[in-house]
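Trainee: What follows is query26.cif; its format and atoms are mmCIF, C-alpha atoms.
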data_data
loop_
_atom_site.group_PDB
_atom_site.id
_atom_site.type_symbol
_atom_site.label_atom_id
_atom_site.label_comp_id
_atom_site.auth_asym_id
_atom_site.auth_seq_id
_atom_site.Cartn_x
_atom_site.Cartn_y
_atom_site.Cartn_z
ATOM 1 C CA GLY A 1 16.346 66.807 81.910
ATOM 2 C CA TYR A 2 18.594 68.078 79.125
ATOM 3 C CA ILE A 3 18.636 66.724 75.567
ATOM 4 C CA ASN A 4 22.321 66.082 75.067
ATOM 5 C CA SER A 5 22.466 64.516 71.592
ATOM 6 C CA PHE A 6 20.660 64.178 68.296
ATOM 7 C CA PRO A 7 18.880 60.875 67.496
ATOM 8 C CA TYR A 8 21.163 58.100 66.272
ATOM 9 C CA GLU A 9 20.826 54.362 65.646
ATOM 10 C CA ILE A 10 22.340 51.713 67.884
ATOM 11 C CA SER A 11 21.966 47.931 67.905
ATOM 12 C CA PHE A 12 19.442 46.577 70.385
ATOM 13 C CA GLN A 13 20.680 45.044 73.634
ATOM 14 C CA LYS A 14 18.691 43.810 76.601
ATOM 15 C CA SER A 15 20.606 46.234 78.816
ATOM 16 C CA LEU A 16 18.738 49.060 77.043
ATOM 17 C CA LEU A 17 15.428 47.930 78.513
ATOM 18 C CA PRO A 18 13.078 49.405 79.520
ATOM 19 C CA LEU A 19 12.888 51.588 76.415
ATOM 20 C CA ARG A 20 11.409 55.013 77.032
ATOM 21 C CA SER A 21 10.596 57.971 74.847
ATOM 22 C CA ILE A 22 10.760 61.730 75.322
ATOM 23 C CA ASN A 23 7.328 63.282 75.594
ATOM 24 C CA LYS A 24 8.312 66.711 74.281
ATOM 25 C CA ALA A 25 10.844 69.484 74.629
ATOM 26 C CA ALA A 26 10.087 71.479 77.797
ATOM 27 C CA SER A 27 8.184 74.724 77.280
ATOM 28 C CA GLU A 28 8.560 77.886 79.348
ATOM 29 C CA ASP A 29 5.484 76.853 81.352
ATOM 30 C CA ASP A 30 7.056 73.452 82.088
ATOM 31 C CA ILE A 31 10.306 75.110 83.198
ATOM 32 C CA GLN A 32 8.415 77.558 85.420
ATOM 33 C CA LYS A 33 6.419 74.697 86.932
ATOM 34 C CA GLU A 34 9.645 72.804 87.643
ATOM 35 C CA LYS A 35 11.053 75.867 89.426
ATOM 36 C CA GLU A 36 7.898 76.100 91.541
ATOM 37 C CA ASN A 37 8.135 72.387 92.362
ATOM 38 C CA TYR A 38 11.761 72.847 93.379
ATOM 39 C CA LYS A 39 10.784 75.662 95.738
ATOM 40 C CA LYS A 40 7.955 73.547 97.145
ATOM 41 C CA ARG A 41 10.312 70.586 97.660
ATOM 42 C CA LYS A 42 12.663 72.788 99.680
ATOM 43 C CA GLU A 43 9.788 74.030 101.852
ATOM 44 C CA ILE A 44 8.574 70.463 102.462
ATOM 45 C CA GLU A 45 12.154 69.386 103.187
ATOM 46 C CA THR A 46 12.396 72.068 105.884
ATOM 47 C CA THR A 47 9.059 70.968 107.361
ATOM 48 C CA CYS A 48 10.187 67.334 107.479
ATOM 49 C CA GLN A 49 13.505 68.250 109.102
ATOM 50 C CA ASP A 50 11.683 70.197 111.809
ATOM 51 C CA LEU A 51 9.469 67.187 112.517
ATOM 52 C CA ILE A 52 12.500 64.867 112.625
ATOM 53 C CA ASN A 53 14.018 67.120 115.276
ATOM 54 C CA LYS A 54 10.695 67.185 117.112
ATOM 55 C CA HIS A 55 10.544 63.378 117.288
ATOM 56 C CA ASN A 56 14.290 63.206 118.073
ATOM 57 C CA LEU A 57 14.904 60.573 115.385
ATOM 58 C CA ASP A 58 18.410 59.371 114.521
ATOM 59 C CA MET A 59 18.138 59.918 110.764
ATOM 60 C CA ASN A 60 19.462 62.379 108.183
ATOM 61 C CA LEU A 61 17.110 63.604 105.462
ATOM 62 C CA THR A 62 18.918 63.650 102.100
ATOM 63 C CA HIS A 63 16.356 64.877 99.561
ATOM 64 C CA VAL A 64 12.677 65.000 98.652
ATOM 65 C CA GLU A 65 10.980 63.857 95.453
ATOM 66 C CA PHE A 66 7.500 64.412 94.019
ATOM 67 C CA THR A 67 5.803 61.509 92.207
ATOM 68 C CA GLN A 68 2.396 60.920 90.651
ATOM 69 C CA PHE A 69 2.255 64.519 89.384
ATOM 70 C CA GLY A 70 2.725 65.992 92.836
ATOM 71 C CA LYS A 71 0.181 63.778 94.620
ATOM 72 C CA LYS A 72 2.834 61.799 96.486
ATOM 73 C CA VAL A 73 6.024 62.858 98.279
ATOM 74 C CA VAL A 74 8.967 60.527 98.827
ATOM 75 C CA PHE A 75 11.451 61.428 101.580
ATOM 76 C CA TYR A 76 14.865 59.821 101.264
ATOM 77 C CA PHE A 77 17.038 59.481 104.346
ATOM 78 C CA ILE A 78 20.068 57.690 105.732
ATOM 79 C CA ALA A 79 20.314 56.243 109.224
ATOM 80 C CA PRO A 80 22.770 54.022 111.110
ATOM 81 C CA ALA A 81 19.984 51.599 112.063
ATOM 82 C CA ARG A 82 16.287 50.942 111.555
ATOM 83 C CA VAL A 83 14.097 53.892 112.497
ATOM 84 C CA ASP A 84 10.546 53.846 113.871
ATOM 85 C CA PHE A 85 9.107 56.789 111.924
ATOM 86 C CA ARG A 86 5.388 56.034 112.278
ATOM 87 C CA GLY A 87 4.825 59.158 114.352
ATOM 88 C CA LEU A 88 6.752 61.212 111.799
ATOM 89 C CA VAL A 89 4.570 59.903 108.950
ATOM 90 C CA ARG A 90 1.365 60.777 110.815
ATOM 91 C CA ASP A 91 2.574 64.338 111.404
ATOM 92 C CA LEU A 92 3.686 64.714 107.775
ATOM 93 C CA VAL A 93 0.298 63.549 106.463
ATOM 94 C CA THR A 94 -1.474 65.955 108.824
ATOM 95 C CA GLU A 95 0.813 68.823 107.823
ATOM 96 C CA LEU A 96 1.025 68.288 104.060
ATOM 97 C CA ARG A 97 -2.252 66.516 103.175
ATOM 98 C CA LEU A 98 -0.387 64.363 100.639
ATOM 99 C CA ARG A 99 0.557 60.719 100.256
ATOM 100 C CA ILE A 100 3.813 60.134 102.126
ATOM 101 C CA GLU A 101 6.584 57.578 101.706
ATOM 102 C CA LEU A 102 9.858 57.424 103.652
ATOM 103 C CA ARG A 103 12.640 55.460 102.008
ATOM 104 C CA GLN A 104 15.943 54.583 103.678
ATOM 105 C CA ILE A 105 18.927 54.607 101.324
ATOM 106 C CA SER A 106 22.659 53.933 101.632
ATOM 107 C CA VAL A 107 25.365 56.582 101.744
ATOM 108 C CA ARG A 108 26.322 55.577 98.183
ATOM 109 C CA ASP A 109 22.753 56.194 97.014
ATOM 110 C CA ARG A 110 22.843 59.564 98.739
ATOM 111 C CA ALA A 111 25.963 60.621 96.840
ATOM 112 C CA ALA A 112 24.494 59.322 93.569
ATOM 113 C CA SER A 113 21.219 61.207 94.030
ATOM 114 C CA GLN A 114 22.733 64.502 95.150
ATOM 115 C CA GLY A 115 25.816 64.547 92.925
ATOM 116 C CA ALA A 116 29.204 66.112 93.635
ATOM 117 C CA LEU A 117 32.740 66.404 92.327
ATOM 118 C CA GLY A 118 35.149 63.607 93.140
ATOM 119 C CA PRO A 119 38.809 63.986 94.155
ATOM 120 C CA CYS A 120 39.676 63.583 90.449
ATOM 121 C CA GLY A 121 37.805 66.800 89.672
ATOM 122 C CA ARG A 122 35.106 65.093 87.611
ATOM 123 C CA GLU A 123 31.433 64.499 88.357
ATOM 124 C CA LEU A 124 30.817 61.435 90.524
ATOM 125 C CA CYS A 125 30.674 58.217 88.511
ATOM 126 C CA CYS A 126 27.631 56.995 90.458
ATOM 127 C CA SER A 127 25.614 60.125 89.623
ATOM 128 C CA SER A 128 26.730 60.419 85.992
ATOM 129 C CA PHE A 129 27.019 57.066 84.201
ATOM 130 C CA LEU A 130 27.223 54.060 86.558
ATOM 131 C CA SER A 131 24.021 52.022 86.661
ATOM 132 C CA LYS A 132 25.496 49.686 89.286
ATOM 133 C CA TYR A 133 27.887 50.989 91.888
ATOM 134 C CA GLY A 134 29.471 49.707 95.063
ATOM 135 C CA ASN A 135 30.693 46.104 95.421
ATOM 136 C CA VAL A 136 34.194 47.443 96.093
ATOM 137 C CA SER A 137 36.452 45.709 98.619
ATOM 138 C CA ILE A 138 39.727 46.562 100.290
ATOM 139 C CA LYS A 139 41.120 43.485 98.529
ATOM 140 C CA MET A 140 41.020 45.467 95.266
ATOM 141 C CA ALA A 141 43.212 48.191 96.781
ATOM 142 C CA LYS A 142 45.683 45.578 98.030
ATOM 143 C CA ASN A 143 45.630 43.872 94.639
ATOM 144 C CA GLN A 144 46.795 47.156 93.057
ATOM 145 C CA ASN A 145 49.492 47.763 95.693
ATOM 146 C CA LEU A 146 47.794 50.962 96.835
ATOM 147 C CA THR A 147 48.661 52.521 100.170
ATOM 148 C CA LEU A 148 45.870 51.737 102.611
ATOM 149 C CA ASN A 149 45.157 55.375 103.405
ATOM 150 C CA TYR A 150 41.386 55.619 103.746
ATOM 151 C CA SER A 151 41.390 59.408 103.363
ATOM 152 C CA LYS A 152 42.548 58.792 99.775
ATOM 153 C CA LEU A 153 40.765 55.504 99.075
ATOM 154 C CA ASN A 154 37.335 56.741 100.187
ATOM 155 C CA GLY A 155 35.090 58.877 98.015
ATOM 156 C CA VAL A 156 32.775 61.708 99.042
ATOM 157 C CA CYS A 157 30.262 59.125 100.305
ATOM 158 C CA GLY A 158 32.792 57.899 102.864
ATOM 159 C CA GLN A 159 32.981 54.464 101.224
ATOM 160 C CA LEU A 160 35.693 52.958 99.013
ATOM 161 C CA LYS A 161 35.775 54.615 95.595
ATOM 162 C CA CYS A 162 33.894 52.756 92.876
ATOM 163 C CA CYS A 163 36.772 53.412 90.449
ATOM 164 C CA LEU A 164 38.946 50.938 92.379
ATOM 165 C CA GLN A 165 37.256 48.172 90.417
ATOM 166 C CA TYR A 166 37.882 49.706 86.967
ATOM 167 C CA GLU A 167 41.443 48.369 86.636
ATOM 168 C CA ASP A 168 41.222 45.498 89.098
ATOM 169 C CA GLU A 169 40.815 42.894 86.333
ATOM 170 C CA VAL A 170 44.006 44.081 84.592
ATOM 171 C CA TYR A 171 45.984 43.969 87.848
ATOM 172 C CA THR A 172 44.638 40.484 88.582
ATOM 173 C CA GLN A 173 45.732 39.193 85.171
ATOM 174 C CA LYS A 174 49.198 40.733 85.473
ATOM 175 C CA ARG A 175 49.668 39.433 89.030
ATOM 176 C CA LYS A 176 49.227 35.862 87.754
ATOM 177 C CA LYS A 177 52.481 36.260 85.805
ATOM 178 C CA LEU A 178 54.430 37.395 88.867
ATOM 179 C CA PRO A 179 55.487 35.771 92.146
ATOM 180 C CA ASN A 180 54.296 37.138 95.477
ATOM 181 C CA GLU A 181 56.351 39.439 97.643
ATOM 182 C CA GLY A 182 58.434 37.336 100.056
ATOM 183 C CA ASP A 183 58.608 34.272 97.763
ATOM 184 C CA ILE A 184 61.943 32.487 97.365
ATOM 185 C CA VAL A 185 62.395 32.005 93.615
ATOM 186 C CA LEU A 186 64.684 30.384 91.064
ATOM 187 C CA LEU A 187 65.367 32.552 88.014
ATOM 188 C CA VAL A 188 66.116 31.659 84.402
ATOM 189 C CA THR A 189 69.655 33.019 84.912
ATOM 190 C CA GLY A 190 70.281 30.280 87.501
ATOM 191 C CA GLU A 191 70.245 32.705 90.446
ATOM 192 C CA SER A 192 68.016 32.280 93.476
ATOM 193 C CA GLY A 193 66.672 34.997 95.730
ATOM 194 C CA LYS A 194 63.822 36.541 97.671
ATOM 195 C CA VAL A 195 61.190 38.733 95.994
ATOM 196 C CA ARG A 196 61.250 42.201 97.552
ATOM 197 C CA LYS A 197 58.984 44.333 95.381
ATOM 198 C CA LEU A 198 56.539 44.052 92.476
ATOM 199 C CA ASN A 199 55.967 46.416 89.570
ATOM 200 C CA ILE A 200 52.635 44.992 88.492
ATOM 201 C CA LEU A 201 51.875 47.222 85.508
ATOM 202 C CA GLY A 202 55.401 46.819 84.162
ATOM 203 C CA GLU A 203 55.235 43.050 84.844
ATOM 204 C CA GLN A 204 58.558 43.214 86.673
ATOM 205 C CA PHE A 205 59.804 42.240 90.129
ATOM 206 C CA ASP A 206 62.837 42.995 92.318
ATOM 207 C CA VAL A 207 64.809 40.132 93.850
ATOM 208 C CA LEU A 208 67.440 40.117 96.581
ATOM 209 C CA THR A 209 69.727 37.359 95.346
ATOM 210 C CA GLU A 210 71.597 34.906 97.559
ATOM 211 C CA LYS A 211 74.761 36.932 96.846
ATOM 212 C CA GLY A 212 73.332 40.147 98.288
ATOM 213 C CA ARG A 213 72.411 41.897 95.046
ATOM 214 C CA ILE A 214 69.047 43.520 94.353
ATOM 215 C CA LYS A 215 68.155 42.936 90.695
ATOM 216 C CA ARG A 216 65.080 43.680 88.618
ATOM 217 C CA TYR A 217 63.639 41.003 86.330
ATOM 218 C CA SER A 218 60.854 40.850 83.768
ATOM 219 C CA PHE A 219 58.089 38.305 84.415
ATOM 220 C CA ASP A 220 59.449 35.756 81.914
ATOM 221 C CA GLN A 221 62.673 35.375 83.914
ATOM 222 C CA LEU A 222 60.882 33.420 86.644
ATOM 223 C CA ASN A 223 61.757 29.717 86.569
ATOM 224 C CA LYS A 224 59.949 28.490 89.672
ATOM 225 C CA VAL A 225 58.918 29.385 93.204
ATOM 226 C CA TYR A 226 60.619 27.263 95.876
ATOM 227 C CA LYS A 227 58.487 25.358 98.354
ATOM 228 C CA PRO A 228 58.933 26.085 102.090
ATOM 229 C CA ASN A 229 62.322 24.808 103.369
ATOM 230 C CA GLU A 230 63.324 23.765 99.837
ATOM 231 C CA PHE A 231 65.986 26.487 99.615
ATOM 232 C CA LYS A 232 67.903 28.029 102.534
ATOM 233 C CA PHE A 233 68.166 31.771 102.035
ATOM 234 C CA PRO A 234 70.930 33.672 103.928
ATOM 235 C CA ASN A 235 69.782 35.376 107.138
ATOM 236 C CA ARG A 236 72.019 38.425 106.723
ATOM 237 C CA PHE A 237 74.441 40.112 104.309
ATOM 238 C CA ASP A 238 77.509 42.204 105.056
ATOM 239 C CA HIS A 239 76.797 44.360 102.032
ATOM 240 C CA ILE A 240 73.829 44.730 99.676
ATOM 241 C CA SER A 241 74.200 46.387 96.252
ATOM 242 C CA ASP A 242 71.331 47.856 94.238
ATOM 243 C CA GLU A 243 71.492 46.891 90.559
ATOM 244 C CA THR A 244 67.899 47.710 89.558
ATOM 245 C CA THR A 245 68.879 50.334 86.956
ATOM 246 C CA THR A 246 68.611 47.640 84.267
ATOM 247 C CA VAL A 247 65.803 45.123 83.845
ATOM 248 C CA ILE A 248 67.047 41.612 83.125
ATOM 249 C CA GLY A 249 65.016 39.957 80.376
ATOM 250 C CA LEU A 250 63.482 43.190 79.078
ATOM 251 C CA SER A 251 63.866 43.397 75.312
ATOM 252 C CA GLU A 252 64.967 46.739 73.884
#
Would you mind writing the structure in this file as structure tokens?

Mentor:
Amino acid sequence: GYINSFPYEISFQKSLLPLRSINKAASEDDIQKEKENYKKRKEIETTCQDLINKHNLDMNLTHVEFTQFGKKVVFYFIAPARVDFRGLVRDLVTELRLRIELRQISVRDRAASQGALGPCGRELCCSSFLSKYGNVSIKMAKNQNLTLNYSKLNGVCGQLKCCLQYEDEVYTQKRKKLPNEGDIVLLVTGESGKVRKLNILGEQFDVLTEKGRIKRYSFDQLNKVYKPNEFKFPNRFDHISDETTTVIGLSE
């Protein structure tokens, strides 16, 4: 690895465990040995891929890792289902004469281990700083009023982007101040209407009033939300005017 900072003091937290120390700065011999190991890993990776094709296994090899100072090889792969790779392991042991382990990982783990650039142009969060990734749901995208376009919501791993959860807590808190789209509401001004649109970050909402006017209100202009059948909202309007250029209740 690379030493990316000078030593500095920080307060102890349990999240820092387990504490580890750097053995030494890498010498030219260490760097040369790492290059040789990299070349060897690529050769072993090719060998394993050939054997996978030979056994006709439904699995995709992602990367190879040496452990125990080169005495053991770990093959990481992804697969849509459980794979019977006992025959593959026997052939690998015969071919390589090393201890072999095959480990199935998720597509998120694959992206984290291999690294890439995300749509934002930065290094993937999972491969750079996130210790826990995933646990993202489509509910978070809906909570933020994002368009449900999976080509934009999914990351390079093909799953929902981990960054969807970064601002989800803020959106959740702001949503609590606002009515839901489609609610029939009573406003502080005495007007009643139907909520058409939310501006969650601005804590504002658009209302089609009973008089056929679309107005924009700040969150503190909400008096109450009517219960079903408590208020009869008009079915149609002959004319609807848009008056959202000003926000009612927004202080200068």

Trainee: Residue by residue, what does the PyMOL selection byres ((chain A and resi 201) around 10) grab here? Present the result as an mmCIF file with C-alpha atoms, in the coordinates of the input.

Mentor:
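Output file out_7.cif follows:
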data_model
loop_
_atom_site.group_PDB
_atom_site.id
_atom_site.type_symbol
_atom_site.label_atom_id
_atom_site.label_comp_id
_atom_site.auth_asym_id
_atom_site.auth_seq_id
_atom_site.Cartn_x
_atom_site.Cartn_y
_atom_site.Cartn_z
ATOM 1 C CA GLN A 144 46.795 47.156 93.057
ATOM 2 C CA VAL A 170 44.006 44.081 84.592
ATOM 3 C CA TYR A 171 45.984 43.969 87.848
ATOM 4 C CA LYS A 174 49.198 40.733 85.473
ATOM 5 C CA ARG A 175 49.668 39.433 89.030
ATOM 6 C CA LEU A 198 56.539 44.052 92.476
ATOM 7 C CA ASN A 199 55.967 46.416 89.570
ATOM 8 C CA ILE A 200 52.635 44.992 88.492
ATOM 9 C CA GLY A 202 55.401 46.819 84.162
ATOM 10 C CA GLU A 203 55.235 43.050 84.844
ATOM 11 C CA GLN A 204 58.558 43.214 86.673
#

Trainee: Go through A:Thr246, A:Thr62, A:Gln114, A:Gln221 one by one, measure the shortest atom-to-atom distance of each to Leu186 in chain A using all atoms listed in the file, and give the residue with the smallest value.

Mentor: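 Of A:Thr246, A:Thr62, A:Gln114, A:Gln221, the one nearest Leu186 in chain A, counting all atoms listed in the file, is A:Gln221.
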
Trainee: Using CA of Leu19 in chain A and CA of Ser128 in chain A as the two end points, give the distance in Å to one decimal.

Mentor: 19.0 Å

Trainee: Distance CA of Arg108 in chain A-CA of Glu167 in chain A, one decimal place?

Mentor: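 Interatomic distance here is 20.3 Å.
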
Trainee: What are the closest atom pairs, with distances in Å to one decimal, for each residue of range 141-195 of chain A lying within 9 Å of range 118-121 of chain A, using all atoms listed in the file, rows by chain and rising residue number, as CSV?

Mentor:
residue,atom,partner,partner_atom,distance
A:Lys152,CA,A:Pro119,CA,8.5
A:Gly155,CA,A:Gly118,CA,6.8
A:Val156,CA,A:Gly118,CA,6.6

Trainee: Please write as number ranges by chain the full residue list that the PyMOL selection byres ((chain A and resi 159) around 9) yields on this file.

Mentor: A: 107-108, 134, 136, 150, 153-158, 160-162

Trainee: I'd like to know which of A:Ile3, A:Ile105, A:Leu92, A:Ile78 is closest to Ala26 in chain A, using all atoms listed in the file.

Mentor: A:Ile3

Trainee: In Å to one decimal, how far is CA of Asn149 in chain A from CA of Ile214 in chain A?

Mentor: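 One can read the CA of Ile214 in chain A to CA of Asn149 in chain A distance as 28.2 Å.
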
Trainee: Under the PyMOL selection byres ((chain A and resi 115) around 10), which residues of this model are included? Write them out as a PDB file with C-alpha atoms, in the coordinates of the input.

Mentor:
ATOM      1  CA  ASP A 109      22.753  56.194  97.014  1.00  0.00           C
ATOM      2  CA  ARG A 110      22.843  59.564  98.739  1.00  0.00           C
ATOM      3  CA  ALA A 111      25.963  60.621  96.840  1.00  0.00           C
ATOM      4  CA  ALA A 112      24.494  59.322  93.569  1.00  0.00           C
ATOM      5  CA  SER A 113      21.219  61.207  94.030  1.00  0.00           C
ATOM      6  CA  GLN A 114      22.733  64.502  95.150  1.00  0.00           C
ATOM      7  CA  ALA A 116      29.204  66.112  93.635  1.00  0.00           C
ATOM      8  CA  LEU A 117      32.740  66.404  92.327  1.00  0.00           C
ATOM      9  CA  GLY A 118      35.149  63.607  93.140  1.00  0.00           C
ATOM     10  CA  GLU A 123      31.433  64.499  88.357  1.00  0.00           C
ATOM     11  CA  LEU A 124      30.817  61.435  90.524  1.00  0.00           C
ATOM     12  CA  CYS A 125      30.674  58.217  88.511  1.00  0.00           C
ATOM     13  CA  CYS A 126      27.631  56.995  90.458  1.00  0.00           C
ATOM     14  CA  SER A 127      25.614  60.125  89.623  1.00  0.00           C
ATOM     15  CA  SER A 128      26.730  60.419  85.992  1.00  0.00           C
ATOM     16  CA  VAL A 156      32.775  61.708  99.042  1.00  0.00           C
TER      17      VAL A 156
END

Trainee: Can I get N, CA, C and O atoms for range 164-175 of chain A, as a PDB file, in the first residue's frame?

Mentor:
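Wrote selection.pdb, looks like this:
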ATOM      1  N   LEU A 164     -27.179   6.769  -2.288  1.00  0.00           N
ATOM      2  CA  LEU A 164     -28.589   7.105  -2.087  1.00  0.00           C
ATOM      3  C   LEU A 164     -28.928   7.250  -0.607  1.00  0.00           C
ATOM      4  O   LEU A 164     -29.868   7.954  -0.245  1.00  0.00           O
ATOM      5  N   GLN A 165     -28.141   6.591   0.250  1.00  0.00           N
ATOM      6  CA  GLN A 165     -28.459   6.648   1.672  1.00  0.00           C
ATOM      7  C   GLN A 165     -27.784   7.822   2.380  1.00  0.00           C
ATOM      8  O   GLN A 165     -28.095   8.124   3.528  1.00  0.00           O
ATOM      9  N   TYR A 166     -26.868   8.536   1.694  1.00  0.00           N
ATOM     10  CA  TYR A 166     -26.147   9.624   2.345  1.00  0.00           C
ATOM     11  C   TYR A 166     -27.085  10.731   2.826  1.00  0.00           C
ATOM     12  O   TYR A 166     -26.912  11.263   3.927  1.00  0.00           O
ATOM     13  N   GLU A 167     -28.046  11.124   1.982  1.00  0.00           N
ATOM     14  CA  GLU A 167     -28.932  12.236   2.315  1.00  0.00           C
ATOM     15  C   GLU A 167     -30.333  11.780   2.713  1.00  0.00           C
ATOM     16  O   GLU A 167     -31.215  12.615   2.920  1.00  0.00           O
ATOM     17  N   ASP A 168     -30.533  10.483   2.805  1.00  0.00           N
ATOM     18  CA  ASP A 168     -31.871   9.968   3.069  1.00  0.00           C
ATOM     19  C   ASP A 168     -32.411  10.459   4.409  1.00  0.00           C
ATOM     20  O   ASP A 168     -33.603  10.767   4.532  1.00  0.00           O
ATOM     21  N   GLU A 169     -31.548  10.564   5.419  1.00  0.00           N
ATOM     22  CA  GLU A 169     -31.992  11.009   6.742  1.00  0.00           C
ATOM     23  C   GLU A 169     -32.493  12.452   6.692  1.00  0.00           C
ATOM     24  O   GLU A 169     -33.510  12.786   7.322  1.00  0.00           O
ATOM     25  N   VAL A 170     -31.802  13.308   5.920  1.00  0.00           N
ATOM     26  CA  VAL A 170     -32.230  14.707   5.801  1.00  0.00           C
ATOM     27  C   VAL A 170     -33.587  14.791   5.116  1.00  0.00           C
ATOM     28  O   VAL A 170     -34.484  15.517   5.563  1.00  0.00           O
ATOM     29  N   TYR A 171     -33.756  14.027   4.022  1.00  0.00           N
ATOM     30  CA  TYR A 171     -35.034  14.031   3.311  1.00  0.00           C
ATOM     31  C   TYR A 171     -36.156  13.517   4.210  1.00  0.00           C
ATOM     32  O   TYR A 171     -37.281  14.034   4.178  1.00  0.00           O
ATOM     33  N   THR A 172     -35.867  12.508   5.010  1.00  0.00           N
ATOM     34  CA  THR A 172     -36.881  11.948   5.908  1.00  0.00           C
ATOM     35  C   THR A 172     -37.330  12.978   6.929  1.00  0.00           C
ATOM     36  O   THR A 172     -38.534  13.125   7.205  1.00  0.00           O
ATOM     37  N   GLN A 173     -36.366  13.722   7.490  1.00  0.00           N
ATOM     38  CA  GLN A 173     -36.705  14.748   8.481  1.00  0.00           C
ATOM     39  C   GLN A 173     -37.524  15.875   7.858  1.00  0.00           C
ATOM     40  O   GLN A 173     -38.494  16.364   8.443  1.00  0.00           O
ATOM     41  N   LYS A 174     -37.143  16.293   6.653  1.00  0.00           N
ATOM     42  CA  LYS A 174     -37.864  17.384   5.994  1.00  0.00           C
ATOM     43  C   LYS A 174     -39.253  16.941   5.543  1.00  0.00           C
ATOM     44  O   LYS A 174     -40.202  17.741   5.541  1.00  0.00           O
ATOM     45  N   ARG A 175     -39.401  15.691   5.143  1.00  0.00           N
ATOM     46  CA  ARG A 175     -40.712  15.189   4.714  1.00  0.00           C
ATOM     47  C   ARG A 175     -41.731  15.226   5.853  1.00  0.00           C
ATOM     48  O   ARG A 175     -42.933  15.369   5.619  1.00  0.00           O
TER      49      ARG A 175
END
